[in-house]
$ cat entry19.tsv   # TSV, N, CA and C atoms
chain	number	residue	atom	x	y	z
A	18	MET	N	-17.42	2.11	-15.20
A	18	MET	CA	-17.38	1.83	-13.79
A	18	MET	C	-17.25	3.13	-13.02
A	19	GLY	N	-18.07	3.32	-12.02
A	19	GLY	CA	-17.99	4.51	-11.19
A	19	GLY	C	-16.81	4.42	-10.25
A	20	ARG	N	-16.10	5.50	-10.14
A	20	ARG	CA	-14.95	5.52	-9.23
A	20	ARG	C	-15.42	5.49	-7.78
A	21	ARG	N	-16.65	5.90	-7.53
A	21	ARG	CA	-17.17	5.85	-6.18
A	21	ARG	C	-17.34	4.41	-5.70
A	22	ILE	N	-17.71	3.52	-6.61
A	22	ILE	CA	-17.83	2.11	-6.27
A	22	ILE	C	-16.48	1.55	-5.85
A	23	LEU	N	-15.44	1.88	-6.60
A	23	LEU	CA	-14.08	1.43	-6.26
A	23	LEU	C	-13.65	2.01	-4.92
A	24	ASN	N	-13.93	3.29	-4.70
A	24	ASN	CA	-13.53	3.92	-3.45
A	24	ASN	C	-14.25	3.30	-2.26
A	25	GLU	N	-15.54	3.00	-2.40
A	25	GLU	CA	-16.28	2.36	-1.31
A	25	GLU	C	-15.72	0.97	-1.01
A	26	ALA	N	-15.34	0.24	-2.04
A	26	ALA	CA	-14.77	-1.09	-1.83
A	26	ALA	C	-13.42	-1.00	-1.13
A	27	LEU	N	-12.57	-0.07	-1.53
A	27	LEU	CA	-11.26	0.08	-0.90
A	27	LEU	C	-11.39	0.55	0.55
A	28	ARG	N	-12.36	1.41	0.83
A	28	ARG	CA	-12.58	1.86	2.20
A	28	ARG	C	-13.09	0.70	3.06
A	29	ALA	N	-13.90	-0.20	2.48
A	29	ALA	CA	-14.37	-1.37	3.21
A	29	ALA	C	-13.20	-2.28	3.58
A	30	ILE	N	-12.23	-2.40	2.66
A	30	ILE	CA	-11.04	-3.20	2.94
A	30	ILE	C	-10.24	-2.59	4.09
A	31	VAL	N	-10.03	-1.28	4.06
A	31	VAL	CA	-9.26	-0.60	5.11
A	31	VAL	C	-9.98	-0.73	6.46
A	32	ASN	N	-11.30	-0.56	6.47
A	32	ASN	CA	-12.05	-0.66	7.72
A	32	ASN	C	-11.98	-2.08	8.29
A	33	ALA	N	-12.07	-3.09	7.41
A	33	ALA	CA	-11.97	-4.47	7.87
A	33	ALA	C	-10.57	-4.77	8.42
A	34	GLU	N	-9.54	-4.22	7.77
A	34	GLU	CA	-8.17	-4.39	8.27
A	34	GLU	C	-8.02	-3.80	9.66
A	35	ARG	N	-8.57	-2.60	9.87
A	35	ARG	CA	-8.44	-1.93	11.16
A	35	ARG	C	-9.20	-2.65	12.26
A	36	ARG	N	-10.28	-3.34	11.90
A	36	ARG	CA	-11.05	-4.09	12.89
A	36	ARG	C	-10.49	-5.49	13.11
A	37	GLY	N	-9.49	-5.88	12.32
A	37	GLY	CA	-8.84	-7.17	12.51
A	37	GLY	C	-9.57	-8.34	11.86
A	38	LYS	N	-10.39	-8.07	10.87
A	38	LYS	CA	-11.12	-9.13	10.18
A	38	LYS	C	-10.18	-9.93	9.28
A	39	ALA	N	-10.54	-11.18	9.01
A	39	ALA	CA	-9.73	-12.03	8.14
A	39	ALA	C	-10.17	-11.91	6.69
A	40	THR	N	-11.47	-11.67	6.46
A	40	THR	CA	-11.99	-11.53	5.10
A	40	THR	C	-12.97	-10.37	5.06
A	41	VAL	N	-13.22	-9.88	3.85
A	41	VAL	CA	-14.22	-8.85	3.62
A	41	VAL	C	-14.91	-9.16	2.30
A	42	GLU	N	-16.20	-8.88	2.23
A	42	GLU	CA	-16.98	-9.12	1.02
A	42	GLU	C	-17.33	-7.78	0.38
A	43	LEU	N	-17.05	-7.67	-0.93
A	43	LEU	CA	-17.26	-6.43	-1.66
A	43	LEU	C	-18.41	-6.60	-2.65
A	44	LYS	N	-19.35	-5.67	-2.65
A	44	LYS	CA	-20.45	-5.64	-3.60
A	44	LYS	C	-20.76	-4.19	-3.89
A	45	PRO	N	-21.10	-3.76	-5.04
A	45	PRO	CA	-21.01	-4.41	-6.34
A	45	PRO	C	-19.57	-4.49	-6.81
A	46	ILE	N	-19.35	-5.15	-7.94
A	46	ILE	CA	-17.99	-5.38	-8.42
A	46	ILE	C	-17.83	-4.84	-9.83
A	47	SER	N	-16.58	-4.77	-10.29
A	47	SER	CA	-16.27	-4.38	-11.66
A	47	SER	C	-14.94	-5.01	-12.05
A	48	THR	N	-14.63	-4.95	-13.32
A	48	THR	CA	-13.36	-5.50	-13.79
A	48	THR	C	-12.19	-4.65	-13.33
A	49	VAL	N	-12.38	-3.34	-13.23
A	49	VAL	CA	-11.32	-2.46	-12.75
A	49	VAL	C	-11.00	-2.78	-11.29
A	50	MET	N	-12.03	-3.08	-10.50
A	50	MET	CA	-11.82	-3.44	-9.10
A	50	MET	C	-11.02	-4.72	-8.99
A	51	SER	N	-11.33	-5.71	-9.81
A	51	SER	CA	-10.57	-6.96	-9.75
A	51	SER	C	-9.14	-6.76	-10.23
A	52	SER	N	-8.91	-5.85	-11.18
A	52	SER	CA	-7.54	-5.53	-11.62
A	52	SER	C	-6.76	-4.85	-10.49
A	53	PHE	N	-7.42	-3.94	-9.78
A	53	PHE	CA	-6.80	-3.26	-8.64
A	53	PHE	C	-6.42	-4.28	-7.57
A	54	LEU	N	-7.33	-5.21	-7.28
A	54	LEU	CA	-7.05	-6.24	-6.27
A	54	LEU	C	-5.94	-7.18	-6.72
A	55	LYS	N	-5.85	-7.44	-8.02
A	55	LYS	CA	-4.77	-8.30	-8.54
A	55	LYS	C	-3.41	-7.66	-8.29
A	56	ILE	N	-3.32	-6.34	-8.47
A	56	ILE	CA	-2.07	-5.63	-8.19
A	56	ILE	C	-1.75	-5.70	-6.70
A	57	MET	N	-2.77	-5.54	-5.85
A	57	MET	CA	-2.55	-5.63	-4.41
A	57	MET	C	-2.08	-7.02	-4.01
A	58	LYS	N	-2.61	-8.05	-4.67
A	58	LYS	CA	-2.20	-9.42	-4.38
A	58	LYS	C	-0.77	-9.67	-4.85
A	59	ASP	N	-0.45	-9.20	-6.06
A	59	ASP	CA	0.90	-9.39	-6.59
A	59	ASP	C	1.95	-8.71	-5.72
A	60	ARG	N	1.61	-7.59	-5.11
A	60	ARG	CA	2.55	-6.85	-4.27
A	60	ARG	C	2.54	-7.30	-2.81
A	61	GLY	N	1.70	-8.30	-2.48
A	61	GLY	CA	1.71	-8.88	-1.15
A	61	GLY	C	0.90	-8.15	-0.11
A	62	TYR	N	-0.04	-7.31	-0.50
A	62	TYR	CA	-0.84	-6.58	0.46
A	62	TYR	C	-2.10	-7.34	0.88
A	63	ILE	N	-2.58	-8.26	0.04
A	63	ILE	CA	-3.69	-9.14	0.42
A	63	ILE	C	-3.29	-10.57	0.07
A	64	LYS	N	-3.89	-11.55	0.76
A	64	LYS	CA	-3.57	-12.95	0.48
A	64	LYS	C	-4.15	-13.41	-0.83
A	65	GLY	N	-5.39	-13.03	-1.10
A	65	GLY	CA	-6.05	-13.45	-2.32
A	65	GLY	C	-7.47	-12.93	-2.37
A	66	PHE	N	-8.13	-13.18	-3.49
A	66	PHE	CA	-9.52	-12.78	-3.62
A	66	PHE	C	-10.23	-13.75	-4.57
A	67	GLN	N	-11.52	-13.88	-4.37
A	67	GLN	CA	-12.34	-14.80	-5.15
A	67	GLN	C	-13.52	-14.01	-5.71
A	68	VAL	N	-13.75	-14.11	-7.03
A	68	VAL	CA	-14.87	-13.43	-7.67
A	68	VAL	C	-16.00	-14.43	-7.85
A	69	TYR	N	-17.18	-14.08	-7.36
A	69	TYR	CA	-18.36	-14.93	-7.49
A	69	TYR	C	-19.37	-14.26	-8.42
A	70	ASP	N	-19.82	-15.00	-9.43
A	70	ASP	CA	-20.86	-14.56	-10.36
A	70	ASP	C	-20.53	-13.21	-11.00
A	71	PRO	N	-19.46	-13.11	-11.79
A	71	PRO	CA	-19.04	-11.82	-12.33
A	71	PRO	C	-19.97	-11.25	-13.40
A	72	HIS	N	-20.85	-12.06	-13.99
A	72	HIS	CA	-21.69	-11.56	-15.08
A	72	HIS	C	-22.97	-10.92	-14.59
A	73	ARG	N	-23.31	-11.14	-13.34
A	73	ARG	CA	-24.51	-10.51	-12.77
A	73	ARG	C	-24.07	-9.47	-11.77
A	74	VAL	N	-24.76	-9.31	-10.68
A	74	VAL	CA	-24.36	-8.33	-9.67
A	74	VAL	C	-23.02	-8.71	-9.08
A	75	GLY	N	-22.87	-9.95	-8.67
A	75	GLY	CA	-21.59	-10.49	-8.24
A	75	GLY	C	-21.10	-9.95	-6.91
A	76	ARG	N	-20.05	-10.61	-6.42
A	76	ARG	CA	-19.38	-10.18	-5.20
A	76	ARG	C	-17.95	-10.71	-5.22
A	77	ILE	N	-17.11	-10.06	-4.48
A	77	ILE	CA	-15.71	-10.45	-4.35
A	77	ILE	C	-15.43	-10.66	-2.87
A	78	THR	N	-14.83	-11.80	-2.53
A	78	THR	CA	-14.39	-12.06	-1.17
A	78	THR	C	-12.87	-11.91	-1.13
A	79	VAL	N	-12.39	-11.02	-0.27
A	79	VAL	CA	-10.96	-10.70	-0.18
A	79	VAL	C	-10.42	-11.26	1.13
A	80	GLU	N	-9.32	-12.02	1.04
A	80	GLU	CA	-8.62	-12.51	2.23
A	80	GLU	C	-7.55	-11.48	2.61
A	81	LEU	N	-7.67	-10.94	3.80
A	81	LEU	CA	-6.78	-9.87	4.24
A	81	LEU	C	-5.53	-10.43	4.92
A	82	GLN	N	-4.47	-9.62	4.89
A	82	GLN	CA	-3.19	-10.05	5.43
A	82	GLN	C	-2.73	-9.17	6.58
A	83	GLY	N	-3.30	-7.98	6.73
A	83	GLY	CA	-2.92	-7.09	7.81
A	83	GLY	C	-1.82	-6.11	7.45
A	84	ARG	N	-1.57	-5.88	6.17
A	84	ARG	CA	-0.49	-4.99	5.75
A	84	ARG	C	-0.97	-3.63	5.25
A	85	ILE	N	-2.26	-3.45	5.04
A	85	ILE	CA	-2.76	-2.22	4.44
A	85	ILE	C	-2.94	-1.16	5.51
A	86	ASN	N	-2.29	-0.01	5.33
A	86	ASN	CA	-2.47	1.13	6.21
A	86	ASN	C	-3.55	2.06	5.68
A	87	ASP	N	-3.50	2.35	4.39
A	87	ASP	CA	-4.49	3.22	3.76
A	87	ASP	C	-4.63	2.81	2.31
A	88	CYS	N	-5.81	3.01	1.77
A	88	CYS	CA	-6.11	2.59	0.42
A	88	CYS	C	-7.23	3.48	-0.10
A	89	ARG	N	-7.00	4.23	-1.15
A	89	ARG	CA	-8.00	5.16	-1.65
A	89	ARG	C	-8.05	5.15	-3.17
A	90	ALA	N	-9.23	5.43	-3.68
A	90	ALA	CA	-9.42	5.64	-5.11
A	90	ALA	C	-9.72	7.12	-5.32
A	91	LEU	N	-9.19	7.68	-6.36
A	91	LEU	CA	-9.47	9.07	-6.66
A	91	LEU	C	-10.85	9.16	-7.30
A	92	THR	N	-11.70	10.03	-6.78
A	92	THR	CA	-13.04	10.16	-7.33
A	92	THR	C	-13.07	11.15	-8.49
A	93	TYR	N	-11.98	11.84	-8.72
A	93	TYR	CA	-11.89	12.74	-9.86
A	93	TYR	C	-10.89	12.17	-10.87
A	94	ARG	N	-10.92	12.72	-12.05
A	94	ARG	CA	-10.07	12.23	-13.12
A	94	ARG	C	-8.71	12.93	-13.06
A	95	GLN	N	-7.65	12.18	-12.97
A	95	GLN	CA	-6.30	12.73	-12.87
A	95	GLN	C	-5.44	12.10	-13.95
A	96	ASP	N	-5.23	12.84	-15.04
A	96	ASP	CA	-4.36	12.36	-16.12
A	96	ASP	C	-2.91	12.59	-15.71
A	97	ILE	N	-2.04	11.66	-16.10
A	97	ILE	CA	-0.64	11.74	-15.71
A	97	ILE	C	0.21	11.17	-16.84
A	98	THR	N	1.32	11.84	-17.12
A	98	THR	CA	2.24	11.35	-18.15
A	98	THR	C	3.29	10.47	-17.48
A	99	ALA	N	4.05	9.76	-18.30
A	99	ALA	CA	5.07	8.85	-17.77
A	99	ALA	C	6.15	9.62	-16.99
A	100	ARG	N	6.45	10.84	-17.41
A	100	ARG	CA	7.47	11.63	-16.72
A	100	ARG	C	7.00	12.15	-15.37
A	101	GLU	N	5.68	12.32	-15.20
A	101	GLU	CA	5.15	12.90	-13.97
A	101	GLU	C	4.86	11.86	-12.88
A	102	ILE	N	4.97	10.57	-13.20
A	102	ILE	CA	4.57	9.51	-12.26
A	102	ILE	C	5.38	9.57	-10.98
A	103	GLU	N	6.69	9.71	-11.09
A	103	GLU	CA	7.54	9.70	-9.90
A	103	GLU	C	7.23	10.89	-9.00
A	104	ARG	N	7.04	12.07	-9.58
A	104	ARG	CA	6.72	13.26	-8.82
A	104	ARG	C	5.37	13.09	-8.10
A	105	TYR	N	4.40	12.50	-8.80
A	105	TYR	CA	3.08	12.25	-8.22
A	105	TYR	C	3.18	11.26	-7.05
A	106	ARG	N	3.98	10.21	-7.24
A	106	ARG	CA	4.16	9.21	-6.19
A	106	ARG	C	4.76	9.82	-4.94
A	107	LEU	N	5.75	10.68	-5.11
A	107	LEU	CA	6.38	11.33	-3.96
A	107	LEU	C	5.40	12.22	-3.22
A	108	ARG	N	4.47	12.84	-3.94
A	108	ARG	CA	3.50	13.72	-3.33
A	108	ARG	C	2.39	12.94	-2.60
A	109	MET	N	1.98	11.78	-3.15
A	109	MET	CA	0.82	11.07	-2.61
A	109	MET	C	1.18	10.04	-1.53
A	110	LEU	N	2.31	9.37	-1.67
A	110	LEU	CA	2.65	8.31	-0.73
A	110	LEU	C	3.50	8.86	0.42
A	111	PRO	N	3.35	8.31	1.63
A	111	PRO	CA	4.02	8.89	2.79
A	111	PRO	C	5.52	8.64	2.85
A	112	THR	N	6.02	7.59	2.19
A	112	THR	CA	7.43	7.26	2.29
A	112	THR	C	7.92	6.62	1.00
A	113	HIS	N	9.23	6.52	0.86
A	113	HIS	CA	9.81	5.93	-0.34
A	113	HIS	C	9.81	4.41	-0.29
A	114	GLN	N	9.76	3.83	0.90
A	114	GLN	CA	9.96	2.39	1.04
A	114	GLN	C	8.78	1.55	0.56
A	115	TRP	N	7.55	1.98	0.80
A	115	TRP	CA	6.42	1.15	0.43
A	115	TRP	C	5.28	1.99	-0.10
A	116	GLY	N	4.32	1.31	-0.72
A	116	GLY	CA	3.15	1.96	-1.28
A	116	GLY	C	3.22	1.99	-2.80
A	117	TYR	N	2.04	1.96	-3.41
A	117	TYR	CA	1.95	1.93	-4.87
A	117	TYR	C	0.82	2.83	-5.33
A	118	VAL	N	1.06	3.51	-6.44
A	118	VAL	CA	0.03	4.27	-7.13
A	118	VAL	C	-0.45	3.40	-8.28
A	119	VAL	N	-1.77	3.25	-8.43
A	119	VAL	CA	-2.34	2.41	-9.48
A	119	VAL	C	-2.87	3.31	-10.58
A	120	ILE	N	-2.46	3.00	-11.82
A	120	ILE	CA	-2.77	3.82	-12.98
A	120	ILE	C	-3.43	2.96	-14.04
A	121	THR	N	-4.49	3.48	-14.66
A	121	THR	CA	-5.08	2.79	-15.79
A	121	THR	C	-4.46	3.37	-17.06
A	122	THR	N	-3.86	2.51	-17.87
A	122	THR	CA	-3.10	2.91	-19.04
A	122	THR	C	-3.65	2.20	-20.27
A	123	PRO	N	-3.15	2.54	-21.46
A	123	PRO	CA	-3.53	1.77	-22.64
A	123	PRO	C	-3.08	0.31	-22.57
A	124	ASP	N	-2.07	0.02	-21.72
A	124	ASP	CA	-1.59	-1.35	-21.53
A	124	ASP	C	-2.37	-2.10	-20.47
A	125	GLY	N	-3.35	-1.47	-19.84
A	125	GLY	CA	-4.13	-2.08	-18.77
A	125	GLY	C	-3.90	-1.36	-17.47
A	126	VAL	N	-4.39	-1.93	-16.39
A	126	VAL	CA	-4.22	-1.34	-15.06
A	126	VAL	C	-2.86	-1.78	-14.51
A	127	LEU	N	-1.99	-0.78	-14.22
A	127	LEU	CA	-0.62	-1.05	-13.77
A	127	LEU	C	-0.32	-0.26	-12.52
A	128	ASP	N	0.69	-0.72	-11.74
A	128	ASP	CA	1.18	0.10	-10.65
A	128	ASP	C	2.23	1.06	-11.20
A	129	HIS	N	2.68	2.00	-10.38
A	129	HIS	CA	3.57	3.04	-10.89
A	129	HIS	C	4.92	2.49	-11.34
A	130	GLU	N	5.42	1.45	-10.69
A	130	GLU	CA	6.72	0.89	-11.09
A	130	GLU	C	6.64	0.29	-12.49
A	131	GLU	N	5.58	-0.47	-12.75
A	131	GLU	CA	5.41	-1.09	-14.07
A	131	GLU	C	5.17	-0.03	-15.15
A	132	ALA	N	4.42	1.02	-14.81
A	132	ALA	CA	4.15	2.09	-15.77
A	132	ALA	C	5.43	2.84	-16.13
A	133	ILE	N	6.31	3.07	-15.13
A	133	ILE	CA	7.58	3.73	-15.41
A	133	ILE	C	8.46	2.83	-16.27
A	134	LYS	N	8.46	1.53	-15.96
A	134	LYS	CA	9.27	0.58	-16.72
A	134	LYS	C	8.83	0.54	-18.19
A	135	ARG	N	7.52	0.58	-18.42
A	135	ARG	CA	7.00	0.55	-19.79
A	135	ARG	C	6.93	1.93	-20.41
A	136	SER	N	7.21	2.97	-19.64
A	136	SER	CA	7.18	4.36	-20.08
A	136	SER	C	5.83	4.72	-20.68
A	137	VAL	N	4.78	4.51	-19.88
A	137	VAL	CA	3.42	4.78	-20.32
A	137	VAL	C	2.67	5.54	-19.22
A	138	GLY	N	1.86	6.48	-19.62
A	138	GLY	CA	1.06	7.27	-18.70
A	138	GLY	C	-0.40	6.87	-18.79
A	139	GLY	N	-1.25	7.57	-18.07
A	139	GLY	CA	-2.67	7.27	-18.10
A	139	GLY	C	-3.41	8.05	-17.05
A	140	GLN	N	-4.46	7.45	-16.49
A	140	GLN	CA	-5.24	8.08	-15.44
A	140	GLN	C	-4.98	7.38	-14.11
A	141	VAL	N	-4.83	8.18	-13.07
A	141	VAL	CA	-4.59	7.62	-11.74
A	141	VAL	C	-5.91	7.09	-11.20
A	142	LEU	N	-5.92	5.82	-10.81
A	142	LEU	CA	-7.10	5.22	-10.19
A	142	LEU	C	-7.09	5.43	-8.67
A	143	GLY	N	-5.95	5.19	-8.05
A	143	GLY	CA	-5.85	5.31	-6.61
A	143	GLY	C	-4.48	4.90	-6.14
A	144	TYR	N	-4.37	4.69	-4.83
A	144	TYR	CA	-3.10	4.28	-4.26
A	144	TYR	C	-3.36	3.46	-3.02
A	145	PHE	N	-2.34	2.71	-2.61
A	145	PHE	CA	-2.40	1.95	-1.37
A	145	PHE	C	-1.00	1.87	-0.77
A	146	HIS	N	-0.97	1.82	0.57
A	146	HIS	CA	0.29	1.67	1.30
A	146	HIS	C	0.03	1.04	2.62

$ encode --input "entry19.tsv" --output "structure tokens"
Amino acid sequence: MGRRILNEALRAIVNAERRGKATVELKPISTVMSSFLKIMKDRGYIKGFQVYDPHRVGRITVELQGRINDCRALTYRQDITAREIERYRLRMLPTHQWGYVVITTPDGVLDHEEAIKRSVGGQVLGYFH
């Protein structure tokens, strides 16, 4: 999966939030994108999402909630160990109270809190707050 595809989808979500839209449609899709959206849904940043026709080109419809300020995917590869996650989070996120860094690990796609809890590192996919 190209990281540019994920970044374009996340930017579409942020732009729709800023314009006050209730839903946004994302095309093309990937499994990493749906994992990223699942983390956003679990943390309460989006209401939900629906995947249509995942085996072909497919599309995802995302129901927005109005909580996303910024959401980005890293277009470069950033490896991170379990000990460096907290330092990275402090550098990337604007405040301690909210926001999540999303990491792809051997255990799957996790947010920074779950990765610290499991003591596992990986590659940074992106962040949202």

$ closest_residue --input "entry19.tsv" --among "A:His129, A:Arg84, A:Arg28, A:Arg135" --to "Ile63 in chain A" --atoms "all atoms listed in the file"
A:Arg84

$ residues_around --input "entry19.tsv" --residues "Gly116 in chain A" --least-positions-apart "6" --cutoff "6.5 Å" --atoms "all atoms listed in the file" --output "list of chain:residue names"
A:Leu110, A:Phe145, A:His146

$ closest_residue --input "entry19.tsv" --among "A:Gly143, A:Pro123, A:Gly138, A:Gly83" --to "Ile56 in chain A" --atoms "only C-alpha atoms"
A:Gly143

$ closest_residue --input "entry19.tsv" --among "A:Arg20, A:Trp115, A:Val31, A:Gly65" --to "Gln82 in chain A" --atoms "all atoms listed in the file"
A:Gly65

$ residues_around --input "entry19.tsv" --residues "range 88-95 of chain A" --least-positions-apart "6" --cutoff "10 Å" --atoms "only C-alpha atoms" --output "PyMOL selection string"
chain A and resi 19-32+53+116-120+139-146

$ axis_aligned_box --input "entry19.tsv" --around "range 92-97 of chain A" --padding-each-side "5 Å" --output "JSON"
{"center_x": -6.4, "center_y": 11.5, "center_z": -11.8, "size_x": 23.3, "size_y": 12.9, "size_z": 20.1}

$ residues_around --input "entry19.tsv" --residues "Lys44 in chain A" --least-positions-apart "3" --cutoff "8 Å" --atoms "all atoms listed in the file" --output "list in words"
Ile22, Glu25, Ala26, Val41, Ser47, Val74, Gly75, Arg76, Ile77 and Thr78 of chain A

$ residues_near_point --input "entry19.tsv" --point "(5.7, 12.5, -18.3)" --cutoff "12 Å" --atoms "only C-alpha atoms" --output "PDB file with N, CA and C atoms, in the coordinates of the input"
ATOM      1  N   ASP A  96      -5.230  12.840 -15.040  1.00  0.00           N
ATOM      2  CA  ASP A  96      -4.360  12.360 -16.120  1.00  0.00           C
ATOM      3  C   ASP A  96      -2.910  12.590 -15.710  1.00  0.00           C
ATOM      4  N   ILE A  97      -2.040  11.660 -16.100  1.00  0.00           N
ATOM      5  CA  ILE A  97      -0.640  11.740 -15.710  1.00  0.00           C
ATOM      6  C   ILE A  97       0.210  11.170 -16.840  1.00  0.00           C
ATOM      7  N   THR A  98       1.320  11.840 -17.120  1.00  0.00           N
ATOM      8  CA  THR A  98       2.240  11.350 -18.150  1.00  0.00           C
ATOM      9  C   THR A  98       3.290  10.470 -17.480  1.00  0.00           C
ATOM     10  N   ALA A  99       4.050   9.760 -18.300  1.00  0.00           N
ATOM     11  CA  ALA A  99       5.070   8.850 -17.770  1.00  0.00           C
ATOM     12  C   ALA A  99       6.150   9.620 -16.990  1.00  0.00           C
ATOM     13  N   ARG A 100       6.450  10.840 -17.410  1.00  0.00           N
ATOM     14  CA  ARG A 100       7.470  11.630 -16.720  1.00  0.00           C
ATOM     15  C   ARG A 100       7.000  12.150 -15.370  1.00  0.00           C
ATOM     16  N   GLU A 101       5.680  12.320 -15.200  1.00  0.00           N
ATOM     17  CA  GLU A 101       5.150  12.900 -13.970  1.00  0.00           C
ATOM     18  C   GLU A 101       4.860  11.860 -12.880  1.00  0.00           C
ATOM     19  N   ILE A 102       4.970  10.570 -13.200  1.00  0.00           N
ATOM     20  CA  ILE A 102       4.570   9.510 -12.260  1.00  0.00           C
ATOM     21  C   ILE A 102       5.380   9.570 -10.980  1.00  0.00           C
ATOM     22  N   GLU A 103       6.690   9.710 -11.090  1.00  0.00           N
ATOM     23  CA  GLU A 103       7.540   9.700  -9.900  1.00  0.00           C
ATOM     24  C   GLU A 103       7.230  10.890  -9.000  1.00  0.00           C
ATOM     25  N   ARG A 104       7.040  12.070  -9.580  1.00  0.00           N
ATOM     26  CA  ARG A 104       6.720  13.260  -8.820  1.00  0.00           C
ATOM     27  C   ARG A 104       5.370  13.090  -8.100  1.00  0.00           C
ATOM     28  N   TYR A 105       4.400  12.500  -8.800  1.00  0.00           N
ATOM     29  CA  TYR A 105       3.080  12.250  -8.220  1.00  0.00           C
ATOM     30  C   TYR A 105       3.180  11.260  -7.050  1.00  0.00           C
ATOM     31  N   ALA A 132       4.420   1.020 -14.810  1.00  0.00           N
ATOM     32  CA  ALA A 132       4.150   2.090 -15.770  1.00  0.00           C
ATOM     33  C   ALA A 132       5.430   2.840 -16.130  1.00  0.00           C
ATOM     34  N   ILE A 133       6.310   3.070 -15.130  1.00  0.00           N
ATOM     35  CA  ILE A 133       7.580   3.730 -15.410  1.00  0.00           C
ATOM     36  C   ILE A 133       8.460   2.830 -16.270  1.00  0.00           C
ATOM     37  N   SER A 136       7.210   2.970 -19.640  1.00  0.00           N
ATOM     38  CA  SER A 136       7.180   4.360 -20.080  1.00  0.00           C
ATOM     39  C   SER A 136       5.830   4.720 -20.680  1.00  0.00           C
ATOM     40  N   VAL A 137       4.780   4.510 -19.880  1.00  0.00           N
ATOM     41  CA  VAL A 137       3.420   4.780 -20.320  1.00  0.00           C
ATOM     42  C   VAL A 137       2.670   5.540 -19.220  1.00  0.00           C
ATOM     43  N   GLY A 138       1.860   6.480 -19.620  1.00  0.00           N
ATOM     44  CA  GLY A 138       1.060   7.270 -18.700  1.00  0.00           C
ATOM     45  C   GLY A 138      -0.400   6.870 -18.790  1.00  0.00           C
ATOM     46  N   GLY A 139      -1.250   7.570 -18.070  1.00  0.00           N
ATOM     47  CA  GLY A 139      -2.670   7.270 -18.100  1.00  0.00           C
ATOM     48  C   GLY A 139      -3.410   8.050 -17.050  1.00  0.00           C
TER      49      GLY A 139
END

$ atom_distance --input "entry19.tsv" --atom1 "atom N of Phe66 in chain A" --atom2 "atom N of Val126 in chain A"
17.5 Å

$ atom_distance --input "entry19.tsv" --atom1 "atom C of Glu80 in chain A" --atom2 "atom N of Thr48 in chain A"
18.6 Å

$ closest_residue --input "entry19.tsv" --among "A:Val79, A:Ile85, A:Leu127, A:Val68" --to "Thr40 in chain A" --atoms "all atoms listed in the file"
A:Val79

$ atom_distance --input "entry19.tsv" --atom1 "CA of Gly125 in chain A" --atom2 "CA of Ser52 in chain A"
8.6 Å

$ build_atoms --input "entry19.tsv" --residues "range 42-51 of chain A" --atoms "N, CA, C and O atoms" --output "PDB file, in the frame of the given file"
ATOM      1  N   GLU A  42     -16.200  -8.880   2.230  1.00  0.00           N
ATOM      2  CA  GLU A  42     -16.980  -9.120   1.020  1.00  0.00           C
ATOM      3  C   GLU A  42     -17.330  -7.780   0.380  1.00  0.00           C
ATOM      4  O   GLU A  42     -17.816  -6.870   1.051  1.00  0.00           O
ATOM      5  N   LEU A  43     -17.050  -7.670  -0.930  1.00  0.00           N
ATOM      6  CA  LEU A  43     -17.260  -6.430  -1.660  1.00  0.00           C
ATOM      7  C   LEU A  43     -18.410  -6.600  -2.650  1.00  0.00           C
ATOM      8  O   LEU A  43     -18.429  -7.563  -3.427  1.00  0.00           O
ATOM      9  N   LYS A  44     -19.350  -5.670  -2.650  1.00  0.00           N
ATOM     10  CA  LYS A  44     -20.450  -5.640  -3.600  1.00  0.00           C
ATOM     11  C   LYS A  44     -20.760  -4.190  -3.890  1.00  0.00           C
ATOM     12  O   LYS A  44     -20.733  -3.407  -2.968  1.00  0.00           O
ATOM     13  N   PRO A  45     -21.100  -3.760  -5.040  1.00  0.00           N
ATOM     14  CA  PRO A  45     -21.010  -4.410  -6.340  1.00  0.00           C
ATOM     15  C   PRO A  45     -19.570  -4.490  -6.810  1.00  0.00           C
ATOM     16  O   PRO A  45     -18.676  -3.930  -6.176  1.00  0.00           O
ATOM     17  N   ILE A  46     -19.350  -5.150  -7.940  1.00  0.00           N
ATOM     18  CA  ILE A  46     -17.990  -5.380  -8.420  1.00  0.00           C
ATOM     19  C   ILE A  46     -17.830  -4.840  -9.830  1.00  0.00           C
ATOM     20  O   ILE A  46     -18.807  -4.493 -10.496  1.00  0.00           O
ATOM     21  N   SER A  47     -16.580  -4.770 -10.290  1.00  0.00           N
ATOM     22  CA  SER A  47     -16.270  -4.380 -11.660  1.00  0.00           C
ATOM     23  C   SER A  47     -14.940  -5.010 -12.050  1.00  0.00           C
ATOM     24  O   SER A  47     -14.196  -5.503 -11.208  1.00  0.00           O
ATOM     25  N   THR A  48     -14.630  -4.950 -13.320  1.00  0.00           N
ATOM     26  CA  THR A  48     -13.360  -5.500 -13.790  1.00  0.00           C
ATOM     27  C   THR A  48     -12.190  -4.650 -13.330  1.00  0.00           C
ATOM     28  O   THR A  48     -11.102  -5.186 -13.056  1.00  0.00           O
ATOM     29  N   VAL A  49     -12.380  -3.340 -13.230  1.00  0.00           N
ATOM     30  CA  VAL A  49     -11.320  -2.460 -12.750  1.00  0.00           C
ATOM     31  C   VAL A  49     -11.000  -2.780 -11.290  1.00  0.00           C
ATOM     32  O   VAL A  49      -9.835  -2.804 -10.883  1.00  0.00           O
ATOM     33  N   MET A  50     -12.030  -3.080 -10.500  1.00  0.00           N
ATOM     34  CA  MET A  50     -11.820  -3.440  -9.100  1.00  0.00           C
ATOM     35  C   MET A  50     -11.020  -4.720  -8.990  1.00  0.00           C
ATOM     36  O   MET A  50     -10.098  -4.822  -8.176  1.00  0.00           O
ATOM     37  N   SER A  51     -11.330  -5.710  -9.810  1.00  0.00           N
ATOM     38  CA  SER A  51     -10.570  -6.960  -9.750  1.00  0.00           C
ATOM     39  C   SER A  51      -9.140  -6.760 -10.230  1.00  0.00           C
ATOM     40  O   SER A  51      -8.213  -7.393  -9.718  1.00  0.00           O
TER      41      SER A  51
END
